[in-house]
file start.cif (mmCIF, C-alpha atoms)
data_model
loop_
_atom_site.label_atom_id
_atom_site.label_comp_id
_atom_site.auth_asym_id
_atom_site.auth_seq_id
_atom_site.Cartn_x
_atom_site.Cartn_y
_atom_site.Cartn_z
CA MET X 274 -27.73 -140.46 47.67
CA LEU X 275 -29.11 -138.67 50.72
CA ARG X 276 -32.68 -139.15 49.52
CA GLN X 277 -32.15 -142.90 49.00
CA THR X 278 -30.70 -143.26 52.49
CA ILE X 279 -33.58 -141.36 54.04
CA SER X 280 -36.18 -143.45 52.07
CA ALA X 281 -34.57 -146.77 53.12
CA THR X 282 -34.51 -145.65 56.74
CA SER X 283 -38.18 -144.67 56.55
CA ARG X 284 -39.25 -148.01 55.10
CA ALA X 285 -37.29 -149.87 57.76
CA LEU X 286 -38.93 -147.87 60.54
CA ARG X 287 -42.43 -148.49 59.14
CA SER X 288 -41.78 -152.25 58.86
CA THR X 289 -40.51 -152.39 62.42
CA ALA X 290 -43.59 -150.52 63.66
CA ARG X 291 -45.99 -152.98 61.90
CA LEU X 292 -44.20 -156.04 63.24
CA SER X 293 -44.27 -154.64 66.76
CA THR X 294 -48.00 -153.95 66.51
CA GLN X 295 -48.76 -157.43 65.21
CA ARG X 296 -46.79 -159.08 68.02
CA GLN X 297 -48.56 -157.08 70.67
CA THR X 298 -51.94 -157.96 69.19
CA ALA X 299 -51.15 -161.65 69.00
CA SER X 300 -50.01 -161.82 72.60
CA LEU X 301 -53.17 -160.23 73.99
CA PRO X 302 -56.21 -162.35 74.97
CA HIS X 303 -59.02 -162.80 72.53
CA PHE X 304 -61.35 -160.36 74.23
CA TYR X 305 -58.73 -157.59 73.88
CA GLN X 306 -58.27 -158.19 70.18
CA THR X 307 -60.87 -155.75 69.07
CA PRO X 308 -60.73 -153.01 66.51
CA PHE X 309 -60.14 -150.56 69.40
CA ALA X 310 -56.78 -152.19 70.13
CA ALA X 311 -55.50 -151.13 66.79
CA VAL X 312 -56.82 -147.66 67.40
CA ARG X 313 -55.22 -147.35 70.89
CA THR X 314 -51.92 -148.65 69.67
CA ILE X 315 -49.36 -145.78 69.70
CA THR X 316 -47.59 -145.56 66.41
CA PRO X 317 -44.27 -143.71 66.46
CA ARG X 318 -44.29 -140.53 64.44
CA THR X 319 -41.35 -139.27 62.45
CA ARG X 320 -40.91 -135.63 61.32
CA TRP X 321 -39.11 -135.15 58.03
CA TYR X 322 -37.49 -132.02 56.60
CA SER X 323 -36.81 -131.07 53.08
CA SER X 324 -33.40 -132.14 51.93
CA GLU X 325 -33.21 -129.19 49.55
CA THR X 326 -33.51 -126.60 52.39
CA ASP X 327 -30.80 -128.36 54.38
CA ALA X 328 -28.56 -128.44 51.35
CA ALA X 329 -29.10 -124.74 50.66
CA ARG X 330 -28.39 -123.89 54.30
CA ASN X 331 -25.29 -126.00 54.23
CA ASN X 332 -24.15 -124.32 51.04
CA GLY X 333 -24.76 -120.84 52.57
CA ASP X 334 -22.88 -121.74 55.72
CA ALA X 335 -20.03 -123.08 53.65
CA LYS X 336 -19.98 -119.89 51.62
CA ASP X 337 -19.94 -117.68 54.74
CA ASN X 338 -17.22 -119.81 56.25
CA GLY X 339 -15.26 -119.50 53.04
CA GLU X 340 -15.56 -115.71 53.01
CA GLU X 341 -14.56 -115.47 56.66
CA ALA X 342 -11.63 -117.74 56.03
CA LYS X 343 -10.68 -115.62 53.04
CA LYS X 344 -10.86 -112.42 55.12
CA GLU X 345 -8.86 -114.00 57.90
CA GLY X 346 -6.33 -115.15 55.37
CA GLU X 347 -6.04 -111.69 53.89
CA ALA X 348 -5.76 -110.09 57.36
CA GLU X 349 -3.13 -112.54 58.37
CA SER X 350 -1.17 -112.13 55.16
CA PRO X 351 2.34 -110.82 56.01
CA GLU X 352 2.58 -108.84 52.79
CA ALA X 353 -0.71 -107.03 53.40
CA ALA X 354 0.26 -106.28 57.00
CA LEU X 355 3.65 -104.91 55.93
CA LYS X 356 2.00 -102.82 53.21
CA LYS X 357 -0.40 -101.28 55.72
CA GLN X 358 2.43 -100.56 58.12
CA LEU X 359 4.44 -98.93 55.33
CA GLU X 360 1.50 -96.74 54.31
CA ALA X 361 0.94 -95.71 57.93
CA LYS X 362 4.64 -94.83 58.31
CA ASP X 363 4.60 -92.83 55.08
CA ALA X 364 1.57 -90.84 56.27
CA GLU X 365 3.27 -90.22 59.61
CA ILE X 366 6.45 -89.05 57.87
CA ARG X 367 4.50 -86.64 55.67
CA GLU X 368 2.69 -85.23 58.69
CA LEU X 369 5.93 -84.79 60.64
CA LYS X 370 7.60 -83.16 57.64
CA ASP X 371 4.73 -80.73 57.24
CA LYS X 372 4.89 -79.84 60.95
CA TYR X 373 8.65 -79.37 60.70
CA LEU X 374 8.39 -77.03 57.72
CA ARG X 375 5.64 -75.02 59.39
CA SER X 376 7.67 -74.74 62.57
CA MET X 377 10.77 -73.62 60.65
CA ALA X 378 8.74 -70.99 58.76
CA GLU X 379 7.23 -69.65 61.98
CA GLN X 380 10.66 -69.46 63.63
CA GLN X 381 12.12 -67.64 60.63
CA ASN X 382 9.26 -65.14 60.64
CA GLU X 383 9.64 -64.56 64.37
CA PHE X 384 13.41 -64.16 64.01
CA ARG X 385 12.98 -61.71 61.12
CA SER X 386 10.40 -59.71 63.09
CA LEU X 387 12.73 -59.67 66.09
CA GLN X 388 15.60 -58.41 63.93
CA GLU X 389 13.47 -55.64 62.43
CA ARG X 390 12.09 -54.63 65.82
CA THR X 391 15.58 -54.62 67.33
CA ALA X 392 16.92 -52.51 64.46
CA ARG X 393 14.11 -50.00 64.92
CA GLU X 394 14.72 -49.83 68.66
CA ILE X 395 18.45 -49.30 68.12
CA GLN X 396 17.82 -46.57 65.57
CA LYS X 397 15.25 -44.96 67.85
CA ASN X 398 17.65 -45.03 70.78
CA LYS X 399 20.36 -43.48 68.61
CA GLU X 400 18.05 -40.73 67.44
CA PHE X 401 16.74 -39.84 70.89
CA ALA X 402 19.80 -40.64 73.01
CA ILE X 403 20.62 -36.92 73.23
CA GLN X 404 17.06 -35.95 74.16
CA GLY X 405 17.97 -35.04 77.76
CA PHE X 406 21.06 -33.16 76.61
CA ALA X 407 19.08 -31.34 73.92
CA GLN X 408 16.42 -30.21 76.41
CA ASP X 409 19.13 -28.72 78.60
CA LEU X 410 20.77 -27.08 75.60
CA VAL X 411 17.53 -25.46 74.45
CA ASP X 412 17.69 -22.90 77.26
CA THR X 413 21.17 -21.83 76.11
CA VAL X 414 19.87 -21.29 72.58
CA ASP X 415 16.99 -19.21 73.98
CA ASN X 416 19.45 -17.00 75.83
CA PHE X 417 21.34 -16.34 72.60
CA ASP X 418 18.07 -15.42 70.94
CA ARG X 419 17.08 -13.06 73.78
CA ALA X 420 20.50 -11.41 73.81
CA LEU X 421 20.31 -10.70 70.07
CA ALA X 422 16.75 -9.43 70.37
CA MET X 423 17.74 -6.91 73.09
CA VAL X 424 19.94 -4.91 70.67
CA PRO X 425 17.85 -2.42 68.70
CA GLU X 426 18.50 -2.44 64.99
CA GLU X 427 18.97 1.39 64.80
CA LYS X 428 21.88 1.21 67.22
CA LEU X 429 23.69 -1.06 64.84
CA LYS X 430 23.48 1.43 62.01
CA SER X 431 25.20 4.78 61.83
CA GLN X 432 23.39 7.85 60.73
CA SER X 433 23.98 9.05 57.17
CA GLY X 434 27.31 10.81 56.79
CA GLU X 435 28.54 9.92 60.26
CA GLU X 436 31.12 7.38 61.25
CA LYS X 437 30.42 4.83 63.92
CA SER X 438 31.77 5.66 67.31
CA GLU X 439 34.07 3.34 69.19
CA HIS X 440 31.30 2.14 71.51
CA GLN X 441 28.93 1.65 68.62
CA GLN X 442 31.53 -0.37 66.75
CA ASP X 443 32.12 -2.54 69.81
CA LEU X 444 28.37 -3.17 70.05
CA VAL X 445 28.23 -4.11 66.38
CA ASN X 446 31.17 -6.49 66.78
CA LEU X 447 29.59 -8.08 69.85
CA TYR X 448 26.28 -8.46 68.09
CA GLU X 449 27.86 -10.02 65.02
CA GLY X 450 29.94 -12.39 67.19
CA LEU X 451 26.84 -13.54 69.05
CA LYS X 452 24.95 -13.93 65.79
CA MET X 453 27.74 -16.00 64.28
CA THR X 454 27.98 -18.17 67.40
CA GLU X 455 24.26 -18.76 67.32
CA THR X 456 24.37 -19.69 63.63
CA ILE X 457 27.18 -22.20 64.15
CA LEU X 458 25.43 -23.63 67.20
CA MET X 459 22.14 -24.07 65.31
CA GLN X 460 23.94 -25.74 62.39
CA THR X 461 25.62 -28.17 64.79
CA LEU X 462 22.34 -28.96 66.54
CA LYS X 463 20.57 -29.46 63.23
CA LYS X 464 23.29 -31.90 62.19
CA HIS X 465 22.36 -34.05 65.19
CA GLY X 466 18.59 -33.80 64.62
CA LEU X 467 17.73 -30.79 66.82
CA GLU X 468 16.00 -28.04 64.87
CA ARG X 469 14.34 -24.78 65.91
CA PHE X 470 11.13 -23.58 64.22
CA ASP X 471 9.27 -20.29 64.22
CA PRO X 472 5.52 -20.69 63.51
CA ASN X 473 4.72 -17.00 63.06
CA GLY X 474 1.98 -16.62 60.41
CA GLU X 475 1.14 -20.34 60.34
CA VAL X 476 -2.17 -22.00 61.18
CA PHE X 477 -2.37 -22.99 64.83
CA ASN X 478 -1.48 -26.66 65.39
CA PRO X 479 -2.16 -27.96 68.92
CA HIS X 480 0.42 -30.75 68.42
CA GLU X 481 3.22 -28.26 67.77
CA HIS X 482 2.03 -25.00 69.34
CA ASP X 483 1.12 -23.97 72.86
CA ALA X 484 -1.40 -21.10 72.79
CA THR X 485 -0.67 -18.78 75.74
CA PHE X 486 -3.36 -16.26 74.75
CA MET X 487 -5.98 -15.61 72.06
CA THR X 488 -7.29 -12.28 70.80
CA PRO X 489 -9.55 -11.04 67.99
CA MET X 490 -7.79 -9.32 65.06
CA PRO X 491 -10.06 -8.30 62.14
CA ASP X 492 -7.15 -7.90 59.72
CA LYS X 493 -5.95 -11.49 60.23
CA GLU X 494 -7.51 -14.88 59.60
CA HIS X 495 -9.05 -16.87 62.39
CA ASN X 496 -6.85 -19.44 64.17
CA THR X 497 -3.60 -17.94 62.85
CA VAL X 498 -0.41 -17.50 64.89
CA PHE X 499 0.39 -13.78 65.02
CA HIS X 500 2.88 -13.67 67.91
CA VAL X 501 5.70 -16.05 68.95
CA GLN X 502 6.57 -15.78 72.58
CA GLN X 503 9.02 -18.69 72.56
CA LYS X 504 10.24 -20.69 69.56
CA GLY X 505 9.80 -24.43 69.40
CA PHE X 506 12.24 -27.29 68.84
CA ARG X 507 12.04 -30.64 67.04
CA LEU X 508 14.32 -33.61 67.65
CA ASN X 509 14.43 -35.93 64.62
CA GLY X 510 10.95 -34.87 63.59
CA ARG X 511 9.45 -35.27 67.07
CA ILE X 512 8.36 -32.22 69.04
CA LEU X 513 10.89 -31.66 71.80
CA ARG X 514 9.31 -28.41 72.97
CA PRO X 515 6.16 -26.77 71.55
CA ALA X 516 6.29 -23.13 70.58
CA LYS X 517 4.47 -20.69 72.84
CA VAL X 518 2.33 -18.46 70.64
CA GLY X 519 -0.53 -16.01 70.51
CA VAL X 520 -3.47 -16.98 68.28
CA VAL X 521 -6.09 -14.97 66.43
CA LYS X 522 -9.68 -15.66 67.54
CA ASN X 523 -12.31 -13.96 65.35
CA LYS X 524 -15.18 -16.38 65.98
#

call {"tool": "encode", "arguments": {"input": "start.cif", "output": "structure tokens"}}
result
Amino acid sequence: MLRQTISATSRALRSTARLSTQRQTASLPHFYQTPFAAVRTITPRTRWYSSETDAARNNGDAKDNGEEAKKEGEAESPEAALKKQLEAKDAEIRELKDKYLRSMAEQQNEFRSLQERTAREIQKNKEFAIQGFAQDLVDTVDNFDRALAMVPEEKLKSQSGEEKSEHQQDLVNLYEGLKMTETILMQTLKKHGLERFDPNGEVFNPHEHDATFMTPMPDKEHNTVFHVQQKGFRLNGRILRPAKVGVVKNK
């Protein structure tokens, strides 16, 4: 149909152009009616395009317009928009739930750590609450030890076949009373975590022993404690006072 319309229009334009040329030629004088007049006559030119290309372009434009309209229709669809919103909300809920669970786990771990740390601190304070009192009491225990060491062992024993004199018996009774008092005192202190230790004959340990002097002794091993000048004390396994000792140095 388009081709027929274009062909009819073309024929009409060509007929009009010929009639116009003939009229102009007839109206001119005789001396102007020469072959050059036909040559100089301006004939209108018409540019034509292929109808197939226009149709293809129109079809492509219609197709693009259809796809855009389809996309716009899909984007504007209420169901699709609600579905996207629902998916976005679900993803947000999952993310918030994950953050909540992580936060709760971290708080529980921190609370548990705080409980354990607090329990250790309480136990530590209980164990070493008497540290100042124990340090003051150590001197009293040392005095008991010195008093017992001042009594020679031979004065506590009577010679064979002889009875103990009254003064000797009093000394023995005093010594035994002091010894018993010291034993009860040490048992009580040990019950509360305070314990005395004597490192005589042990290997020197700088964390537990305080070497006041060192001397070579060929009959003893190197770095061995051979003399205890003052006994040491531990409070719940921790060194309250190191023992003052003499150490063998053979190297």

call {"tool": "resolve_selection", "arguments": {"input": "start.cif", "expression": "the PyMOL selection byres ((chain X and resi 447-452) around 9)", "output": "list in words"}}
result
Phe417, Asp418, Ala420, Leu421, Val424, Leu429, Gln442, Asp443, Leu444, Val445, Asn446, Met453, Thr454, Glu455, Thr456 and Ile457 of chain X

call {"tool": "closest_atom_pairs", "arguments": {"input": "start.cif", "of": "range 366-450 of chain X", "to": "range 458-473 of chain X", "cutoff": "10 Å", "atoms": "only C-alpha atoms", "output": "CSV"}}
result
residue,atom,partner,partner_atom,distance
X:Glu400,CA,X:Gly466,CA,7.5
X:Phe401,CA,X:Gly466,CA,8.9
X:Ile403,CA,X:His465,CA,8.7
X:Gln404,CA,X:Leu467,CA,9.0
X:Ala407,CA,X:Leu467,CA,7.2
X:Gln408,CA,X:Leu467,CA,9.7
X:Leu410,CA,X:Leu462,CA,9.4
X:Val411,CA,X:Arg469,CA,9.1
X:Val414,CA,X:Leu458,CA,8.1
X:Phe417,CA,X:Leu458,CA,10.0

call {"tool": "resolve_selection", "arguments": {"input": "start.cif", "expression": "the PyMOL selection byres ((chain X and resi 479-490) around 9)", "output": "JSON, numbers by chain"}}
result
{"X": [472, 477, 478, 491, 492, 493, 494, 495, 496, 498, 502, 505, 512, 514, 515, 516, 517, 518, 519, 520, 521, 522, 523, 524]}

call {"tool": "atom_distance", "arguments": {"input": "start.cif", "atom1": "CA of Lys504 in chain X", "atom2": "CA of Phe406 in chain X"}}
result
18.0 Å

call {"tool": "atom_distance", "arguments": {"input": "start.cif", "atom1": "CA of Glu475 in chain X", "atom2": "CA of Gly510 in chain X"}}
result
17.8 Å

call {"tool": "atom_distance", "arguments": {"input": "start.cif", "atom1": "CA of Arg393 in chain X", "atom2": "CA of Leu508 in chain X"}}
result
16.6 Å

call {"tool": "closest_residue", "arguments": {"input": "start.cif", "among": "X:Pro351, X:Thr391, X:Lys399, X:Ser376", "to": "Asn509 in chain X", "atoms": "all atoms listed in the file"}}
result
X:Lys399
